[in-house]
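The structure appears right after this line, and notes come after that.
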Amino acid sequence: MQRATIDLWVGIFVVAGFAAILFLALKVGNMGGFDSTATYVVKASFDNIGGLKVRAPVKSAGVVVGRVSDISFDGAAYEASVSLSLDARYKFPKDTSAAIMTSGLLGEQYIALEAGGDEKMLAQGDGITLTQGAVVLENLIGQFLYSKSESDAKAADGSQ
Amino acid sequence: MLSGLANGLRGIGRRVVDGVWRMGVATRFFLLTLFHSGQSFRRFQLIIREIFTAGVLSLIIILVSGLFVGMVLGLQGYETLQTYGSEEALGILVALSLVRELGPVVAALLFASRAGSAITAEIGLMKATEQIAAMEMMAVDPIARVVAPRFWGAVISMPFLAALFSAMGILGGYLVGVILIGVDEGSFWSQMQAAVDFKEDILNGVIKSVVFGIAVTVIALFEGYDAPPTAEGVSRATTRTVVTSSLAILGLDFILTAFMFRGV
(Lines give C-alpha, C1' and ligand atoms only; values in the text may rest on other atoms or scores of the structure.)
Protein backbone atom coordinates (compact mmCIF):
# COMPACT_ATOMS: atom_id res chain seq x y z
CA MET A 1 0.00 0.00 0.00
CA GLN A 2 1.28 3.40 -0.92
CA ARG A 3 2.13 5.74 1.91
CA ALA A 4 1.29 9.39 1.51
CA THR A 5 1.97 12.43 3.68
CA ILE A 6 -1.78 12.68 4.16
CA ASP A 7 -1.68 9.38 6.05
CA LEU A 8 0.94 10.76 8.39
CA TRP A 9 -1.13 13.84 9.14
CA VAL A 10 -4.31 11.84 9.69
CA GLY A 11 -2.31 9.50 11.93
CA ILE A 12 -1.05 12.44 13.98
CA PHE A 13 -4.58 13.82 14.18
CA VAL A 14 -6.09 10.53 15.37
CA VAL A 15 -3.31 9.97 17.90
CA ALA A 16 -3.72 13.53 19.21
CA GLY A 17 -7.49 13.00 19.45
CA PHE A 18 -7.07 9.80 21.44
CA ALA A 19 -4.47 11.50 23.62
CA ALA A 20 -6.96 14.29 24.35
CA ILE A 21 -9.66 11.79 25.33
CA LEU A 22 -7.13 9.96 27.51
CA PHE A 23 -6.09 13.26 29.10
CA LEU A 24 -9.73 14.06 29.84
CA ALA A 25 -10.31 10.61 31.28
CA LEU A 26 -7.22 10.37 33.46
CA LYS A 27 -6.27 13.90 34.41
CA VAL A 28 -9.64 15.66 34.37
CA GLY A 29 -11.98 12.80 35.24
CA ASN A 30 -11.61 10.20 37.91
CA MET A 31 -10.78 7.17 35.79
CA GLY A 32 -7.86 5.18 37.09
CA GLY A 33 -8.34 6.73 40.48
CA PHE A 34 -10.46 5.17 43.13
CA ASP A 35 -12.99 3.50 40.82
CA SER A 36 -10.63 0.94 39.39
CA THR A 37 -9.72 -0.59 42.74
CA ALA A 38 -11.66 -3.51 44.21
CA THR A 39 -14.63 -2.56 46.35
CA TYR A 40 -17.22 -4.20 48.55
CA VAL A 41 -20.75 -2.93 49.08
CA VAL A 42 -22.43 -2.46 52.44
CA LYS A 43 -25.90 -1.08 53.08
CA ALA A 44 -27.09 1.45 55.58
CA SER A 45 -30.57 2.82 56.32
CA PHE A 46 -31.11 6.42 57.29
CA ASP A 47 -34.24 8.18 58.53
CA ASN A 48 -33.27 11.21 56.44
CA ILE A 49 -30.48 11.60 53.93
CA GLY A 50 -30.90 15.33 53.39
CA GLY A 51 -29.10 16.30 50.20
CA LEU A 52 -26.89 13.21 49.91
CA LYS A 53 -26.22 12.24 46.30
CA VAL A 54 -24.96 9.18 44.48
CA ARG A 55 -21.13 9.32 44.18
CA ALA A 56 -20.86 11.36 47.37
CA PRO A 57 -17.70 10.43 49.30
CA VAL A 58 -17.62 8.07 52.26
CA LYS A 59 -14.99 9.19 54.73
CA SER A 60 -13.47 7.71 57.80
CA ALA A 61 -11.28 9.97 59.93
CA GLY A 62 -11.58 12.46 57.07
CA VAL A 63 -10.01 10.14 54.49
CA VAL A 64 -12.10 9.08 51.50
CA VAL A 65 -12.57 5.30 51.79
CA GLY A 66 -15.45 4.81 49.37
CA ARG A 67 -18.39 6.32 47.54
CA VAL A 68 -22.16 6.19 47.73
CA SER A 69 -23.13 3.84 44.91
CA ASP A 70 -26.91 3.81 45.20
CA ILE A 71 -29.74 5.53 47.04
CA SER A 72 -33.26 4.14 47.14
CA PHE A 73 -36.38 4.39 49.30
CA ASP A 74 -37.28 1.41 51.45
CA GLY A 75 -41.07 1.27 51.19
CA ALA A 76 -41.45 -1.17 54.10
CA ALA A 77 -39.50 0.74 56.72
CA TYR A 78 -40.07 4.21 55.25
CA GLU A 79 -36.37 4.85 55.36
CA ALA A 80 -33.70 5.69 52.82
CA SER A 81 -31.55 2.72 51.88
CA VAL A 82 -28.03 3.76 50.89
CA SER A 83 -25.42 1.46 49.34
CA LEU A 84 -21.82 2.32 50.10
CA SER A 85 -19.06 0.83 47.98
CA LEU A 86 -15.95 0.79 50.12
CA ASP A 87 -12.37 0.28 49.07
CA ALA A 88 -11.45 -3.35 49.66
CA ARG A 89 -8.15 -2.27 51.22
CA TYR A 90 -10.02 -0.92 54.26
CA LYS A 91 -11.90 -3.22 56.62
CA PHE A 92 -14.34 -1.94 59.21
CA PRO A 93 -15.74 -3.71 62.31
CA LYS A 94 -19.34 -4.91 62.26
CA ASP A 95 -20.52 -2.29 64.73
CA THR A 96 -19.20 0.65 62.69
CA SER A 97 -21.57 3.59 62.76
CA ALA A 98 -22.43 5.81 59.78
CA ALA A 99 -23.51 9.44 59.95
CA ILE A 100 -24.37 11.92 57.24
CA MET A 101 -22.27 15.04 57.66
CA THR A 102 -21.83 18.28 55.78
CA SER A 103 -18.41 19.55 54.82
CA GLY A 104 -18.43 23.16 55.86
CA LEU A 105 -21.62 25.03 56.60
CA LEU A 106 -23.11 24.77 53.13
CA GLY A 107 -20.79 22.27 51.49
CA GLU A 108 -21.58 18.89 49.96
CA GLN A 109 -22.82 16.08 52.16
CA TYR A 110 -20.82 12.93 52.83
CA ILE A 111 -21.05 9.83 54.98
CA ALA A 112 -18.70 9.58 57.92
CA LEU A 113 -17.84 6.13 59.22
CA GLU A 114 -16.83 5.71 62.85
CA ALA A 115 -15.18 2.37 63.54
CA GLY A 116 -16.52 0.27 66.42
CA GLY A 117 -14.80 -2.40 68.51
CA ASP A 118 -16.23 -5.62 67.09
CA GLU A 119 -13.88 -8.47 66.23
CA LYS A 120 -15.79 -9.36 63.07
CA MET A 121 -15.41 -7.20 59.98
CA LEU A 122 -18.02 -5.93 57.55
CA ALA A 123 -18.20 -7.97 54.37
CA GLN A 124 -19.93 -7.67 50.99
CA GLY A 125 -23.70 -7.22 51.44
CA ASP A 126 -23.64 -6.55 55.18
CA GLY A 127 -25.66 -3.77 56.74
CA ILE A 128 -24.63 -0.97 59.04
CA THR A 129 -27.17 -0.71 61.84
CA LEU A 130 -25.93 2.30 63.78
CA THR A 131 -26.80 5.25 61.61
CA GLN A 132 -27.47 8.91 62.07
CA GLY A 133 -29.33 10.81 59.38
CA ALA A 134 -28.68 14.25 58.05
CA VAL A 135 -29.31 17.23 60.25
CA VAL A 136 -32.08 19.26 58.66
CA LEU A 137 -31.48 22.95 59.21
CA GLU A 138 -35.20 23.77 59.32
CA ASN A 139 -35.82 21.26 62.14
CA LEU A 140 -32.87 22.64 64.03
CA ILE A 141 -34.20 26.19 63.77
CA GLY A 142 -37.67 24.97 64.69
CA GLN A 143 -36.37 23.22 67.82
CA PHE A 144 -34.38 26.25 68.80
CA LEU A 145 -37.37 28.58 68.43
CA TYR A 146 -39.61 26.14 70.32
CA SER A 147 -37.24 25.77 73.24
CA LYS A 148 -36.63 29.51 73.30
CA SER A 149 -40.32 30.35 73.48
CA GLU A 150 -40.75 27.71 76.19
CA SER A 151 -37.99 29.19 78.33
CA ASP A 152 -39.39 32.68 77.68
CA ALA A 153 -42.81 31.50 78.92
CA LYS A 154 -41.21 29.97 82.00
CA ALA A 155 -39.37 33.21 82.70
CA ALA A 156 -42.65 35.10 82.35
CA ASP A 157 -44.35 32.66 84.78
CA GLY A 158 -41.56 33.08 87.31
CA SER A 159 -41.77 36.87 87.29
CA GLN A 160 -45.47 36.87 88.12
CA MET B 1 -55.40 44.35 0.28
CA LEU B 2 -57.20 41.02 0.30
CA SER B 3 -55.11 39.69 -2.53
CA GLY B 4 -51.96 40.78 -0.66
CA LEU B 5 -53.11 38.77 2.36
CA ALA B 6 -53.87 35.78 0.18
CA ASN B 7 -50.45 36.05 -1.42
CA GLY B 8 -48.81 36.19 2.01
CA LEU B 9 -50.70 33.12 3.18
CA ARG B 10 -49.83 31.32 -0.02
CA GLY B 11 -46.18 32.21 0.54
CA ILE B 12 -46.21 30.79 4.07
CA GLY B 13 -47.93 27.63 2.88
CA ARG B 14 -45.43 27.20 0.08
CA ARG B 15 -42.53 27.58 2.49
CA VAL B 16 -43.93 25.04 4.94
CA VAL B 17 -44.63 22.51 2.20
CA ASP B 18 -41.20 23.16 0.71
CA GLY B 19 -39.57 22.70 4.11
CA VAL B 20 -41.31 19.39 4.77
CA TRP B 21 -40.42 18.27 1.27
CA ARG B 22 -36.76 19.08 1.75
CA MET B 23 -36.80 17.34 5.12
CA GLY B 24 -38.08 14.18 3.46
CA VAL B 25 -35.49 14.36 0.68
CA ALA B 26 -32.74 15.00 3.26
CA THR B 27 -33.81 11.92 5.23
CA ARG B 28 -33.80 9.78 2.10
CA PHE B 29 -30.40 11.24 1.23
CA PHE B 30 -29.06 10.37 4.69
CA LEU B 31 -30.34 6.79 4.49
CA LEU B 32 -28.91 6.45 0.98
CA THR B 33 -25.55 7.65 2.26
CA LEU B 34 -25.56 5.08 5.07
CA PHE B 35 -26.64 2.40 2.62
CA HIS B 36 -23.74 3.20 0.28
CA SER B 37 -21.08 3.52 3.00
CA GLY B 38 -19.89 -0.08 2.75
CA GLN B 39 -18.19 0.68 -0.54
CA SER B 40 -16.28 3.65 0.84
CA PHE B 41 -15.06 1.62 3.82
CA ARG B 42 -13.53 -0.84 1.38
CA ARG B 43 -11.68 2.10 -0.19
CA PHE B 44 -10.54 3.59 3.09
CA GLN B 45 -8.02 5.89 1.41
CA LEU B 46 -10.96 8.07 0.34
CA ILE B 47 -12.10 8.45 3.95
CA ILE B 48 -8.52 9.18 5.07
CA ARG B 49 -8.36 12.05 2.60
CA GLU B 50 -11.64 13.45 3.94
CA ILE B 51 -10.44 13.13 7.55
CA PHE B 52 -7.49 15.21 6.40
CA THR B 53 -9.59 17.98 4.82
CA ALA B 54 -12.28 18.02 7.50
CA GLY B 55 -10.30 17.15 10.61
CA VAL B 56 -6.61 17.95 10.25
CA LEU B 57 -7.19 21.24 8.46
CA SER B 58 -9.64 22.33 11.20
CA LEU B 59 -7.08 21.59 13.92
CA ILE B 60 -5.54 25.05 14.14
CA ILE B 61 -8.80 26.93 14.57
CA ILE B 62 -10.08 24.33 17.07
CA LEU B 63 -6.92 24.35 19.18
CA VAL B 64 -6.53 28.13 19.24
CA SER B 65 -10.20 28.79 20.02
CA GLY B 66 -10.18 26.08 22.69
CA LEU B 67 -7.19 27.68 24.37
CA PHE B 68 -8.78 31.13 24.35
CA VAL B 69 -12.21 29.91 25.51
CA GLY B 70 -10.50 28.12 28.40
CA MET B 71 -8.48 31.20 29.29
CA VAL B 72 -11.60 33.39 29.28
CA LEU B 73 -13.40 30.82 31.44
CA GLY B 74 -10.48 30.91 33.85
CA LEU B 75 -10.57 34.69 34.11
CA GLN B 76 -14.34 35.07 34.36
CA GLY B 77 -14.76 32.08 36.64
CA TYR B 78 -12.11 33.38 39.01
CA GLU B 79 -13.76 36.82 39.14
CA THR B 80 -17.09 35.31 40.14
CA LEU B 81 -15.82 32.55 42.42
CA GLN B 82 -13.52 34.75 44.47
CA THR B 83 -16.48 36.84 45.64
CA TYR B 84 -17.67 33.66 47.37
CA GLY B 85 -14.19 32.74 48.54
CA SER B 86 -14.19 29.48 46.62
CA GLU B 87 -11.64 30.08 43.88
CA GLU B 88 -10.37 26.49 44.37
CA ALA B 89 -13.54 25.39 42.55
CA LEU B 90 -12.18 27.03 39.38
CA GLY B 91 -11.00 23.65 38.11
CA ILE B 92 -14.51 22.20 38.42
CA LEU B 93 -16.06 25.18 36.69
CA VAL B 94 -13.65 25.16 33.75
CA ALA B 95 -13.64 21.38 33.30
CA LEU B 96 -17.37 20.77 33.63
CA SER B 97 -18.44 23.63 31.39
CA LEU B 98 -15.94 22.59 28.72
CA VAL B 99 -16.45 18.83 28.82
CA ARG B 100 -20.22 18.94 29.06
CA GLU B 101 -21.18 21.90 26.89
CA LEU B 102 -18.63 24.21 25.38
CA GLY B 103 -16.30 21.54 24.02
CA PRO B 104 -18.85 19.70 21.87
CA VAL B 105 -20.97 22.76 21.02
CA VAL B 106 -18.31 25.35 20.15
CA ALA B 107 -16.18 22.76 18.36
CA ALA B 108 -19.23 21.75 16.30
CA LEU B 109 -20.08 25.39 15.51
CA LEU B 110 -16.51 26.00 14.36
CA PHE B 111 -16.57 22.75 12.45
CA ALA B 112 -19.79 23.77 10.70
CA SER B 113 -18.32 27.03 9.54
CA ARG B 114 -14.85 25.68 8.75
CA ALA B 115 -15.50 22.23 7.28
CA GLY B 116 -19.28 22.16 6.69
CA SER B 117 -19.27 25.21 4.45
CA ALA B 118 -16.30 23.80 2.52
CA ILE B 119 -18.13 20.52 1.93
CA THR B 120 -21.24 22.34 0.68
CA ALA B 121 -19.26 24.61 -1.62
CA GLU B 122 -17.23 21.71 -3.00
CA ILE B 123 -20.21 19.47 -3.75
CA GLY B 124 -22.29 22.40 -5.01
CA LEU B 125 -19.52 23.35 -7.40
CA MET B 126 -19.09 19.74 -8.48
CA LYS B 127 -22.75 19.76 -9.35
CA ALA B 128 -22.60 23.15 -11.06
CA THR B 129 -19.69 22.01 -13.24
CA GLU B 130 -21.56 18.78 -13.98
CA GLN B 131 -18.92 16.52 -12.47
CA ILE B 132 -21.61 14.63 -10.63
CA ALA B 133 -23.63 14.15 -13.78
CA ALA B 134 -20.46 12.94 -15.47
CA MET B 135 -19.93 10.35 -12.75
CA GLU B 136 -23.44 9.07 -13.23
CA MET B 137 -22.73 8.81 -16.95
CA MET B 138 -19.72 6.63 -16.17
CA ALA B 139 -21.88 4.45 -13.89
CA VAL B 140 -20.00 5.69 -10.82
CA ASP B 141 -22.44 6.24 -7.98
CA PRO B 142 -21.76 9.82 -6.78
CA ILE B 143 -23.27 9.05 -3.36
CA ALA B 144 -20.82 6.21 -2.80
CA ARG B 145 -17.83 7.98 -4.38
CA VAL B 146 -18.31 11.60 -3.25
CA VAL B 147 -20.85 11.80 -0.44
CA ALA B 148 -20.23 8.76 1.78
CA PRO B 149 -16.45 9.28 2.25
CA ARG B 150 -17.04 12.92 3.18
CA PHE B 151 -19.74 11.88 5.62
CA TRP B 152 -17.55 9.35 7.42
CA GLY B 153 -14.45 11.52 7.32
CA ALA B 154 -16.29 14.36 9.04
CA VAL B 155 -18.16 12.14 11.50
CA ILE B 156 -14.92 10.42 12.56
CA SER B 157 -13.11 13.76 12.94
CA MET B 158 -15.73 15.48 15.07
CA PRO B 159 -15.29 13.68 18.44
CA PHE B 160 -11.52 14.04 18.22
CA LEU B 161 -11.84 17.75 17.52
CA ALA B 162 -14.25 18.22 20.43
CA ALA B 163 -11.94 16.31 22.79
CA LEU B 164 -8.96 18.37 21.65
CA PHE B 165 -11.00 21.55 22.14
CA SER B 166 -11.89 20.55 25.72
CA ALA B 167 -8.34 19.49 26.52
CA MET B 168 -6.90 22.74 25.18
CA GLY B 169 -9.56 24.71 27.06
CA ILE B 170 -8.68 23.04 30.34
CA LEU B 171 -5.02 23.78 29.70
CA GLY B 172 -5.98 27.41 28.99
CA GLY B 173 -7.96 27.58 32.24
CA TYR B 174 -4.97 26.08 34.04
CA LEU B 175 -2.62 28.64 32.47
CA VAL B 176 -4.74 31.60 33.54
CA GLY B 177 -6.03 30.22 36.85
CA VAL B 178 -2.96 28.55 38.28
CA ILE B 179 0.04 30.11 36.57
CA LEU B 180 -1.21 33.66 36.03
CA ILE B 181 -3.58 34.26 38.96
CA GLY B 182 -2.12 31.76 41.38
CA VAL B 183 -4.98 29.46 42.38
CA ASP B 184 -3.57 26.48 44.25
CA GLU B 185 -2.53 23.86 41.72
CA GLY B 186 -3.31 20.85 43.89
CA SER B 187 -6.87 21.84 44.63
CA PHE B 188 -7.40 22.93 41.01
CA TRP B 189 -6.76 19.41 39.73
CA SER B 190 -8.03 17.38 42.68
CA GLN B 191 -11.39 19.17 42.92
CA MET B 192 -11.74 18.80 39.17
CA GLN B 193 -11.05 15.09 39.35
CA ALA B 194 -13.49 14.65 42.21
CA ALA B 195 -16.29 16.38 40.31
CA VAL B 196 -15.84 15.18 36.72
CA ASP B 197 -17.17 11.70 36.12
CA PHE B 198 -15.89 9.69 33.17
CA LYS B 199 -19.22 8.18 32.16
CA GLU B 200 -21.55 11.01 33.17
CA ASP B 201 -19.54 13.91 31.80
CA ILE B 202 -16.77 12.90 29.42
CA LEU B 203 -18.52 10.05 27.62
CA ASN B 204 -21.72 12.08 27.30
CA GLY B 205 -19.67 14.90 25.82
CA VAL B 206 -18.21 12.50 23.26
CA ILE B 207 -21.71 11.22 22.40
CA LYS B 208 -22.85 14.81 21.94
CA SER B 209 -20.00 15.57 19.58
CA VAL B 210 -20.75 12.47 17.49
CA VAL B 211 -24.41 13.52 17.18
CA PHE B 212 -23.41 17.08 16.24
CA GLY B 213 -20.91 15.72 13.72
CA ILE B 214 -23.61 13.64 12.02
CA ALA B 215 -26.05 16.57 11.99
CA VAL B 216 -23.55 19.09 10.58
CA THR B 217 -22.25 16.73 7.94
CA VAL B 218 -25.66 15.59 6.73
CA ILE B 219 -26.83 19.21 6.47
CA ALA B 220 -23.65 20.27 4.66
CA LEU B 221 -23.74 17.36 2.21
CA PHE B 222 -27.43 17.73 1.51
CA GLU B 223 -27.27 21.48 0.98
CA GLY B 224 -24.40 20.98 -1.45
CA TYR B 225 -26.12 18.18 -3.29
CA ASP B 226 -29.38 20.09 -3.42
CA ALA B 227 -27.89 23.46 -4.43
CA PRO B 228 -29.08 25.04 -7.69
CA PRO B 229 -26.16 24.67 -10.12
CA THR B 230 -25.39 28.38 -10.33
CA ALA B 231 -22.86 30.62 -8.60
CA GLU B 232 -25.65 32.24 -6.62
CA GLY B 233 -27.17 28.88 -5.73
CA VAL B 234 -23.87 27.58 -4.34
CA SER B 235 -23.30 30.73 -2.32
CA ARG B 236 -26.80 30.52 -0.87
CA ALA B 237 -26.40 26.85 -0.06
CA THR B 238 -23.16 27.57 1.78
CA THR B 239 -24.85 30.25 3.88
CA ARG B 240 -27.76 27.94 4.59
CA THR B 241 -25.39 25.19 5.71
CA VAL B 242 -23.81 27.40 8.35
CA VAL B 243 -27.12 28.84 9.56
CA THR B 244 -29.06 25.58 9.60
CA SER B 245 -26.32 23.50 11.17
CA SER B 246 -25.67 26.11 13.87
CA LEU B 247 -29.34 26.10 14.77
CA ALA B 248 -29.43 22.30 14.61
CA ILE B 249 -26.42 22.06 16.94
CA LEU B 250 -27.97 24.36 19.54
CA GLY B 251 -31.39 22.70 19.34
CA LEU B 252 -29.94 19.19 19.54
CA ASP B 253 -27.73 20.30 22.42
CA PHE B 254 -30.78 21.30 24.43
CA ILE B 255 -32.50 17.98 23.76
CA LEU B 256 -29.39 15.92 24.55
CA THR B 257 -28.66 17.90 27.71
CA ALA B 258 -32.23 17.41 28.88
CA PHE B 259 -31.81 13.66 28.42
CA MET B 260 -28.30 13.34 29.85
CA PHE B 261 -28.04 15.64 32.83
CA ARG B 262 -31.41 15.63 34.50
CA GLY B 263 -29.84 15.72 37.93
CA VAL B 264 -29.65 12.59 40.04
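Quick note on naming: the chains in the C-alpha coordinates go A, B, ... in the order shown, residues restart at 1 in each chain, and ligands are numbered from 1 in order of appearance.
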Determine, for each residue of chain B having at least one atom at most 7 Å from an atom of chain A, the closest pair of atoms and their separation in Å to one decimal, counting only C-alpha atoms; order by chain and ascending number, as CSV.
residue,atom,partner,partner_atom,distance
B:Ile48,CA,A:Val10,CA,6.8
B:Arg49,CA,A:Ile6,CA,6.8
B:Ile51,CA,A:Val10,CA,6.6
B:Phe52,CA,A:Val10,CA,5.7
B:Val56,CA,A:Phe13,CA,6.1
B:Phe160,CA,A:Gly17,CA,4.3
B:Leu161,CA,A:Gly17,CA,6.7
B:Ala163,CA,A:Ala20,CA,5.6
B:Leu164,CA,A:Ala20,CA,5.3
B:Ala167,CA,A:Ala20,CA,5.8
B:Met192,CA,A:Val28,CA,6.1
B:Gln193,CA,A:Gly29,CA,4.8
B:Ala194,CA,A:Asn30,CA,6.5
B:Val196,CA,A:Gly29,CA,4.8
B:Asp197,CA,A:Gly29,CA,5.4
B:Phe198,CA,A:Gly29,CA,5.4
message: Give me, as a ChimeraX atom specification, all polymer residues having an atom no more than 10 Å from segment 125-132 of chain B, counting only C-alpha atoms and skipping those fewer than 2 positions away in the same chain.
response: /B:119-123,134-138,140-143,145-146,224-231,233-235
message: Using Å and a single decimal, report how far atom CA of Gln76 of chain B sits from atom CA of Glu88 of chain B.
response: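 Computing the Euclidean distance for atom CA of Glu88 of chain B and atom CA of Gln76 of chain B yields 13.8 Å.
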- prompt: Smallest atom-to-atom distance to Val42 of chain A: which of A:Tyr78, A:Lys59, A:Thr129, A:Arg89, using only C-alpha atoms?
  reply: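 The shortest atom-to-atom distance to Val42 of chain A comes from A:Thr129.
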message: Taking the DSSP secondary structure from the backbone, can you list the residues of chain A that are strand (DSSP E), as a PyMOL selection string?
response: chain A and resi 39-46+57-60+63-74+79-87+97-102+109-114+127-128+130-132
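The two atoms in question, atom CA of Leu252 of chain B and atom CA of Met23 of chain B, are spaced 16.1 Å apart.
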task: Step one, run DSSP on the backbone; step two, keep only residues of chain A assigned to alpha helix (DSSP H); then write them as a PyMOL selection string.
output: chain A and resi 5-23+137-159
field: Test item: residues at most 12 Å from Leu256 of chain B, only C-alpha atoms, excluding those fewer than 5 positions along its chain, as an MDAnalysis selection string
entry: chainID B and resid 100:101 104:105 204:212 248:251 261:262
field: For Val64 of chain A: contacts at 10 Å, only C-alpha atoms, fewer than 2 positions along chain excluded, given as a list in words
entry: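 Counting only C-alpha atoms, the residues come to Phe34, Ala56, Pro57, Val58, Lys59, Ser60, Ala61, Gly62, Gly66, Arg67, Leu86, Asp87, Tyr110, Ile111 and Ala112 of chain A.
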Keeping only N, CA and C atoms, write those residues as a PDB file, in the first residue's frame.
ATOM      1  N   PHE A  34      -9.889   6.071  42.149  1.00  0.00           N
ATOM      2  CA  PHE A  34     -10.457   5.167  43.133  1.00  0.00           C
ATOM      3  C   PHE A  34     -11.302   4.067  42.484  1.00  0.00           C
ATOM      4  N   ALA A  56     -21.387  10.561  46.282  1.00  0.00           N
ATOM      5  CA  ALA A  56     -20.857  11.364  47.373  1.00  0.00           C
ATOM      6  C   ALA A  56     -19.787  10.548  48.098  1.00  0.00           C
ATOM      7  N   PRO A  57     -18.765  11.199  48.655  1.00  0.00           N
ATOM      8  CA  PRO A  57     -17.695  10.434  49.298  1.00  0.00           C
ATOM      9  C   PRO A  57     -18.105   9.820  50.632  1.00  0.00           C
ATOM     10  N   VAL A  58     -17.494   8.675  50.937  1.00  0.00           N
ATOM     11  CA  VAL A  58     -17.620   8.067  52.259  1.00  0.00           C
ATOM     12  C   VAL A  58     -16.264   8.248  52.925  1.00  0.00           C
ATOM     13  N   LYS A  59     -16.263   8.888  54.098  1.00  0.00           N
ATOM     14  CA  LYS A  59     -14.988   9.190  54.734  1.00  0.00           C
ATOM     15  C   LYS A  59     -14.918   8.527  56.094  1.00  0.00           C
ATOM     16  N   SER A  60     -13.711   8.153  56.444  1.00  0.00           N
ATOM     17  CA  SER A  60     -13.465   7.715  57.803  1.00  0.00           C
ATOM     18  C   SER A  60     -12.236   8.462  58.275  1.00  0.00           C
ATOM     19  N   ALA A  61     -12.350   9.108  59.418  1.00  0.00           N
ATOM     20  CA  ALA A  61     -11.282   9.967  59.930  1.00  0.00           C
ATOM     21  C   ALA A  61     -10.886  11.022  58.905  1.00  0.00           C
ATOM     22  N   GLY A  62     -11.835  11.411  58.046  1.00  0.00           N
ATOM     23  CA  GLY A  62     -11.576  12.462  57.075  1.00  0.00           C
ATOM     24  C   GLY A  62     -10.965  11.982  55.764  1.00  0.00           C
ATOM     25  N   GLY A  66     -14.472   5.425  50.263  1.00  0.00           N
ATOM     26  CA  GLY A  66     -15.451   4.808  49.371  1.00  0.00           C
ATOM     27  C   GLY A  66     -16.392   5.859  48.828  1.00  0.00           C
ATOM     28  N   ARG A  67     -17.409   5.387  48.089  1.00  0.00           N
ATOM     29  CA  ARG A  67     -18.390   6.322  47.541  1.00  0.00           C
ATOM     30  C   ARG A  67     -19.786   5.747  47.690  1.00  0.00           C
ATOM     31  N   LEU A  86     -17.162   0.436  49.374  1.00  0.00           N
ATOM     32  CA  LEU A  86     -15.952   0.789  50.121  1.00  0.00           C
ATOM     33  C   LEU A  86     -14.740   0.128  49.495  1.00  0.00           C
ATOM     34  N   ASP A  87     -13.629   0.798  49.581  1.00  0.00           N
ATOM     35  CA  ASP A  87     -12.372   0.283  49.072  1.00  0.00           C
ATOM     36  C   ASP A  87     -12.017  -1.006  49.816  1.00  0.00           C
ATOM     37  N   TYR A 110     -21.553  14.190  52.956  1.00  0.00           N
ATOM     38  CA  TYR A 110     -20.820  12.931  52.827  1.00  0.00           C
ATOM     39  C   TYR A 110     -21.187  12.035  53.992  1.00  0.00           C
ATOM     40  N   ILE A 111     -20.774  10.771  53.903  1.00  0.00           N
ATOM     41  CA  ILE A 111     -21.050   9.833  54.979  1.00  0.00           C
ATOM     42  C   ILE A 111     -19.772   9.613  55.768  1.00  0.00           C
ATOM     43  N   ALA A 112     -19.852   9.794  57.061  1.00  0.00           N
ATOM     44  CA  ALA A 112     -18.697   9.582  57.916  1.00  0.00           C
ATOM     45  C   ALA A 112     -18.856   8.241  58.621  1.00  0.00           C
TER      46      ALA A 112
END
message: Using only C-alpha atoms, can you tell me which of B:Val216, B:Ala154, B:Ile181, B:Ala195 comes closest to Ile47 of chain B?
response: B:Ala154
task: Pick out the residues sitting within 9 Å of Val106 of chain B, and hand them over as a PyMOL selection string; count only C-alpha atoms, and ignore anything fewer than 5 positions along from it in its own chain.
output: chain B and resi 62+65-66+101+111+162+165
query: Interatomic distance between atom CA of Trp152 of chain B and atom CA of Val99 of chain B?
result: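 Atom-to-atom, atom CA of Trp152 of chain B and atom CA of Val99 of chain B are spaced 23.4 Å apart.
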